[in-house]
>>> print(open('final.cif').read())   # mmCIF, C-alpha atoms
data_query
#
loop_
_atom_site.group_PDB
_atom_site.id
_atom_site.type_symbol
_atom_site.label_atom_id
_atom_site.label_comp_id
_atom_site.auth_asym_id
_atom_site.auth_seq_id
_atom_site.Cartn_x
_atom_site.Cartn_y
_atom_site.Cartn_z
ATOM 1 C CA MET A 1 -83.587 21.173 -44.551
ATOM 2 C CA LEU A 2 -82.462 24.691 -43.693
ATOM 3 C CA CYS A 3 -80.558 23.425 -40.631
ATOM 4 C CA HIS A 4 -78.836 20.812 -42.789
ATOM 5 C CA GLU A 5 -77.696 23.412 -45.322
ATOM 6 C CA TRP A 6 -76.727 25.888 -42.618
ATOM 7 C CA ALA A 7 -74.420 23.209 -41.209
ATOM 8 C CA HIS A 8 -72.825 22.826 -44.651
ATOM 9 C CA ALA A 9 -72.164 26.559 -44.756
ATOM 10 C CA LEU A 10 -70.512 26.450 -41.329
ATOM 11 C CA ALA A 11 -68.451 23.335 -42.025
ATOM 12 C CA TRP A 12 -67.268 24.156 -45.561
ATOM 13 C CA ASN A 13 -63.491 24.333 -45.792
ATOM 14 C CA PHE A 14 -60.674 24.581 -48.316
ATOM 15 C CA SER A 15 -60.364 20.796 -48.597
ATOM 16 C CA LEU A 16 -63.991 20.489 -49.693
ATOM 17 C CA ASP A 17 -63.561 23.438 -52.032
ATOM 18 C CA ARG A 18 -60.595 21.725 -53.662
ATOM 19 C CA LEU A 19 -62.435 18.386 -53.799
ATOM 20 C CA ALA A 20 -65.459 20.030 -55.476
ATOM 21 C CA LYS A 21 -63.172 21.244 -58.270
ATOM 22 C CA THR A 22 -61.574 17.819 -58.817
ATOM 23 C CA PRO A 23 -62.428 16.533 -62.302
ATOM 24 C CA GLY A 24 -64.225 13.201 -62.283
ATOM 25 C CA ILE A 25 -64.880 13.142 -58.533
ATOM 26 C CA ASN A 26 -67.128 10.276 -57.542
ATOM 27 C CA PRO A 27 -70.436 11.783 -56.283
ATOM 28 C CA VAL A 28 -70.622 9.247 -53.441
ATOM 29 C CA GLU A 29 -67.101 10.114 -52.293
ATOM 30 C CA PHE A 30 -67.891 13.833 -52.450
ATOM 31 C CA ASP A 31 -71.146 13.368 -50.497
ATOM 32 C CA ARG A 32 -69.302 11.378 -47.829
ATOM 33 C CA ALA A 33 -66.639 14.079 -47.529
ATOM 34 C CA CYS A 34 -69.328 16.773 -47.215
ATOM 35 C CA HIS A 35 -70.943 14.937 -44.296
ATOM 36 C CA ASP A 36 -67.811 14.324 -42.239
ATOM 37 C CA GLU A 37 -67.117 14.995 -38.563
ATOM 38 C CA ALA A 38 -66.850 18.755 -39.103
ATOM 39 C CA TRP A 39 -70.311 18.782 -40.665
ATOM 40 C CA GLY A 40 -71.693 16.658 -37.819
ATOM 41 C CA CYS A 41 -70.388 19.110 -35.229
ATOM 42 C CA ALA A 42 -71.768 22.058 -37.185
ATOM 43 C CA TYR A 43 -75.144 20.324 -37.515
ATOM 44 C CA SER A 44 -75.224 19.779 -33.766
ATOM 45 C CA ARG A 45 -74.529 23.481 -33.132
ATOM 46 C CA VAL A 46 -77.208 24.520 -35.628
ATOM 47 C CA TRP A 47 -79.756 22.131 -34.157
ATOM 48 C CA ARG A 48 -79.120 23.450 -30.633
ATOM 49 C CA ALA A 49 -79.533 27.048 -31.858
ATOM 50 C CA TYR A 50 -82.780 26.082 -33.578
ATOM 51 C CA LEU A 51 -84.098 24.421 -30.414
ATOM 52 C CA ASP A 52 -83.207 27.530 -28.379
ATOM 53 C CA VAL A 53 -85.291 29.669 -30.746
ATOM 54 C CA ILE A 54 -88.233 27.253 -30.513
ATOM 55 C CA ARG A 55 -88.019 27.212 -26.705
ATOM 56 C CA GLN A 56 -87.930 31.014 -26.518
ATOM 57 C CA ALA A 57 -90.984 31.286 -28.773
ATOM 58 C CA ALA A 58 -93.011 28.876 -26.628
#
>>> encode(input="final.cif", output="structure tokens")
Amino acid sequence: MLCHEWAHALAWNFSLDRLAKTPGINPVEFDRACHDEAWGCAYSRVWRAYLDVIRQAA
């Protein structure tokens, strides 16, 4: 869960900020926008960093 949220922090941008403030935004549309390609790339980077930490600890 932490990796997922970390990716959100890395991928957040002005478009999502503006969308979050849009009155009456459809929650499904907002969720889809929050898990776009930018989030996927950020999640990949976070996951690799997490795996590096696990490997170093082993």
>>> atom_distance(input="final.cif", atom1="atom CA of A:Pro27", atom2="atom CA of A:Trp47")
26.1 Å
>>> residues_around(input="final.cif", residues="A:Ala7", least_positions_apart="6", cutoff="7 Å", atoms="all atoms listed in the file", output="ChimeraX atom specification")
/A:39,42-43,46
>>> residues_around(input="final.cif", residues="stretch 14-18 of chain A", least_positions_apart="2", cutoff="9 Å", atoms="all atoms listed in the file", output="CSV table (one decimal) with C-alpha atoms, in the coordinates of the input")
chain,number,residue,atom,x,y,z
A,12,TRP,CA,-67.3,24.2,-45.6
A,20,ALA,CA,-65.5,20.0,-55.5
A,21,LYS,CA,-63.2,21.2,-58.3
A,22,THR,CA,-61.6,17.8,-58.8
A,30,PHE,CA,-67.9,13.8,-52.4
A,33,ALA,CA,-66.6,14.1,-47.5
A,34,CYS,CA,-69.3,16.8,-47.2
>>> atom_distance(input="final.cif", atom1="atom CA of A:Arg32", atom2="atom CA of A:Tyr50")
24.5 Å
>>> closest_residue(input="final.cif", among="A:Ala58, A:His8, A:Asp31, A:Met1", to="A:Arg45", atoms="all atoms listed in the file")
A:His8
